[in-house]
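K.L.:
After the structure tokens below, expect a handful of questions from me.
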Amino acid sequence: MSRMQFPHAYDNIISVGNLLDAWKEFVRGKRTRADVQEFQLSLMDNILTLHHDLKHKTYTHGPYEAFNISDPKPRNIHKASIRDRLLHHALYRQLYPFFDKTFIADSYSCRKEKGTHRAIDRFRSFAYKVSKNHTRTCWVLKCDIKKFFASVDQQILTKILEKYIPDENTMWLLKQVVDSFNSGISDKGLPLGNLTSQLLVNIYMNEFDQFVKHTLTAKQYVRYADDFVFLSHNKAQIKRILRCIEVFLEDELKLHLHPRKVSLETFASGIDFLGWVHFANHRVLRTVTKRRMLKCVEETEDEAVIQSYVGLLKYGNAKKLHQQMVKNKPLG
């Protein structure tokens with residue numbers, strides 16, 4: 001498979017102009033934070049020092065601050081220093097526009113003009129097409145990768161990046177970022193919390209997406225991060241696809257499907273995908289999502305948060321939940 005080549009030179013990534021532009025993007029909504037304010041006090045000195053270290057390749061990525069969140073399941077977040085996060089943004093600004101062009105249309109996570117709502121709409125349009133407007137059975141294979149971020153093989157990721165990026169200096173810098181994280185397993189994992197991680201996992205999973213589209217020639221396929229679905233009227237075909245993707249993921253990417261999160265069901269029975277349970281003529285919020293939303297509304301005084309939830313409810317059949325939220329927290 002011929003691949004596009006990343007066109008930008010290392011000097012473009014580490015330029016003072018790119019670092020300054022990256023700072024402007026990074027600092028939005030963070031100006032009141034103490035560590036951001038401290039960095040801002042000597043902003044030009046900090047940026048010039050970072051540029052010098054990158055130019056002379058004396059830059060080393062610092063350690064991470066680890067903490068846990070519930071989202072709703074427990075997640076271990078790793079937060080880099082301001083200096084390193086600024087570098088992540090500078091890298092992302094140059095890499096994202098190039099790599100986004102290499103991704104398939106039906107990859108929806110952490111991409112501009114994509115997101116969960118578009119993924120859901122695409123999923124439903126596929127269901128209508130496969131079922132011929134719900135006049136024949138539509139089978140849905142739903143999969144989830146076990147410990148996704150923690151399982152990314154850093155050496156495989158580096159080899160994938162090298163196929164796109166011929167410049168040795170740019171690869172040196174990317175290795176600094178990739179190798180900066182230690183999940184506890186040798187050469188495994190990317191940190192939840194890095195902006196670069198969002199892009200790198202898409203680059204990693206793009207290998208799988210290309211296999212699905214060009215080798216398996218699967219037409220009805222949607223992926224959002226490590227959640228993905230295949231749709232077909234042919235149950236036997238879907239079972240063959242499952243066997244093929246298990247082998248590819250394990251052999252090529254050292255990833256494993258979560259055994260309890262692989263399901264093969266008819267669309268008519270209700271498919272739980274991206275927070276909603278989808279049926280032929282409607283969709284409803286999954287119960288755990290509903291409970292979490294009501295709990296957040298009860299605890300917050302931020303009207304913007306409430307309005308964002310109200311906006312989410314417009315995408316499905318949630319009139320009663322909307323009324324309950326308004327009752328608990330009058331809007332406006």
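Identifiers for the structure tokens are assigned positionally: chains receive A, B, ... in sequence, residues are indexed from 1 per chain, and ligands are indexed from 1 in the order shown.
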So that I can see what lies close to region 26-39 of chain A, please list as a list in words the residues with an atom at most 9 Å from it, counting only C-alpha atoms and leaving out residues fewer than 4 positions away in the same chain.
P.N.:
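Close residues of region 26-39 of chain A: Asp21, Ala22, Leu43, Asn46, Ser81, Ile82, Arg83, Arg85, Leu86 and His89 of chain A.
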K.L.:
Can you list, as a ChimeraX atom specification, every protein, DNA or RNA residue that comes within 12 Å of region 239-255 of chain A when you count only C-alpha atoms, leaving out same-chain residues fewer than 4 positions away?
P.N.:
/A:139-160,187-189,201,203-213,215-221,226,228-235,259,262-265
K.L.:
May I ask which of the residues A:Arg111, A:Lys129, A:Arg75, A:His52 is the closest one to Ala280 (chain A), counting only C-alpha atoms?
P.N.:
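The answer is A:Lys129, which sits nearest to Ala280 (chain A).
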K.L.:
Excluding His51 (chain A) and its own-chain neighbours fewer than 3 positions away, which residues fall within 7 Å of it when counting only C-alpha atoms? Please give them as a PyMOL selection string.
P.N.:
chain A and resi 14-16+47-48+54-55
K.L.:
Pick the closest to Tyr92 (chain A) from A:Thr60, A:Ser109, A:Gln5, A:Gln198: which is it, counting only C-alpha atoms?
P.N.:
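Ranked by minimum distance to Tyr92 (chain A), first place goes to A:Gln198.
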K.L.:
Just how far from CA of Leu285 (chain A) is CA of Lys261 (chain A), in Å to one decimal?
P.N.:
18.3 Å
K.L.:
Could you check how far CA of Tyr164 (chain A) sits from CA of Phe6 (chain A), in Å to one decimal?
P.N.:
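Pair CA of Tyr164 (chain A) / CA of Phe6 (chain A) returns 5.8 Å.
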K.L.:
Might you pull out every residue within 9 Å of Ala9 (chain A), with only C-alpha atoms counted and same-chain residues fewer than 6 positions away left off, and present them as a ChimeraX atom specification?
P.N.:
/A:167,169-170
K.L.:
Residues as selected, all heavy atoms, written as a compact mmCIF listing (two decimals), in the first residue's frame, can you do that?
P.N.:
```txt
# COMPACT_ATOMS: atom_id res chain seq x y z
N ASP A 167 11.46 12.17 7.65
CA ASP A 167 12.42 13.03 8.33
C ASP A 167 12.85 12.45 9.68
O ASP A 167 12.03 12.21 10.56
CB ASP A 167 11.80 14.42 8.54
CG ASP A 167 12.77 15.39 9.19
OD1 ASP A 167 13.75 15.77 8.53
OD2 ASP A 167 12.56 15.74 10.37
N ASN A 169 14.62 13.79 12.12
CA ASN A 169 14.48 14.69 13.26
C ASN A 169 13.05 14.69 13.80
O ASN A 169 12.83 14.68 15.03
CB ASN A 169 14.89 16.11 12.88
CG ASN A 169 16.38 16.23 12.62
OD1 ASN A 169 17.18 15.55 13.26
ND2 ASN A 169 16.75 17.07 11.67
N THR A 170 12.08 14.71 12.89
CA THR A 170 10.68 14.66 13.32
C THR A 170 10.39 13.34 14.02
O THR A 170 9.69 13.31 15.05
CB THR A 170 9.74 14.84 12.11
OG1 THR A 170 10.04 16.08 11.46
CG2 THR A 170 8.27 14.83 12.54
```
K.L.:
Region 43-116 of chain A: which residues are strand (DSSP E or B) by DSSP, as a list in words?
P.N.:
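Residues of region 43-116 of chain A classed as strand (DSSP E or B): Glu65, Ala66, Phe67, Asn68, Ile69, Ser70, Pro74, Arg75, Asn76, Ile77, His78, Lys79 and Ser107 of chain A.
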K.L.:
Would you mind reading off the distance between CA of His282 (chain A) and CA of Asp121 (chain A), one decimal, in Å?
P.N.:
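Going from CA of His282 (chain A) over to CA of Asp121 (chain A), I get 11.9 Å.
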K.L.:
Give me, as a ChimeraX atom specification, all polymer residues having an atom no more than 10 Å from Phe67 (chain A), counting only C-alpha atoms and skipping those fewer than 2 positions away in the same chain.
P.N.:
/A:64-65,69,75-79
K.L.:
Could you dump the residues just selected with C-alpha atoms as a PDB file, in the first residue's frame?
P.N.:
```
ATOM      1  CA  TYR A  64       3.556  12.785  34.265  1.00  0.00           C
ATOM      2  CA  GLU A  65       1.210  13.566  37.130  1.00  0.00           C
ATOM      3  CA  ILE A  69     -11.403  10.077  37.266  1.00  0.00           C
ATOM      4  CA  ARG A  75      -9.842   5.982  34.212  1.00  0.00           C
ATOM      5  CA  ASN A  76      -6.210   6.702  34.982  1.00  0.00           C
ATOM      6  CA  ILE A  77      -5.238  10.099  33.538  1.00  0.00           C
ATOM      7  CA  HIS A  78      -1.630  11.185  33.054  1.00  0.00           C
ATOM      8  CA  LYS A  79      -1.020  14.930  32.897  1.00  0.00           C
TER       9      LYS A  79
END
```
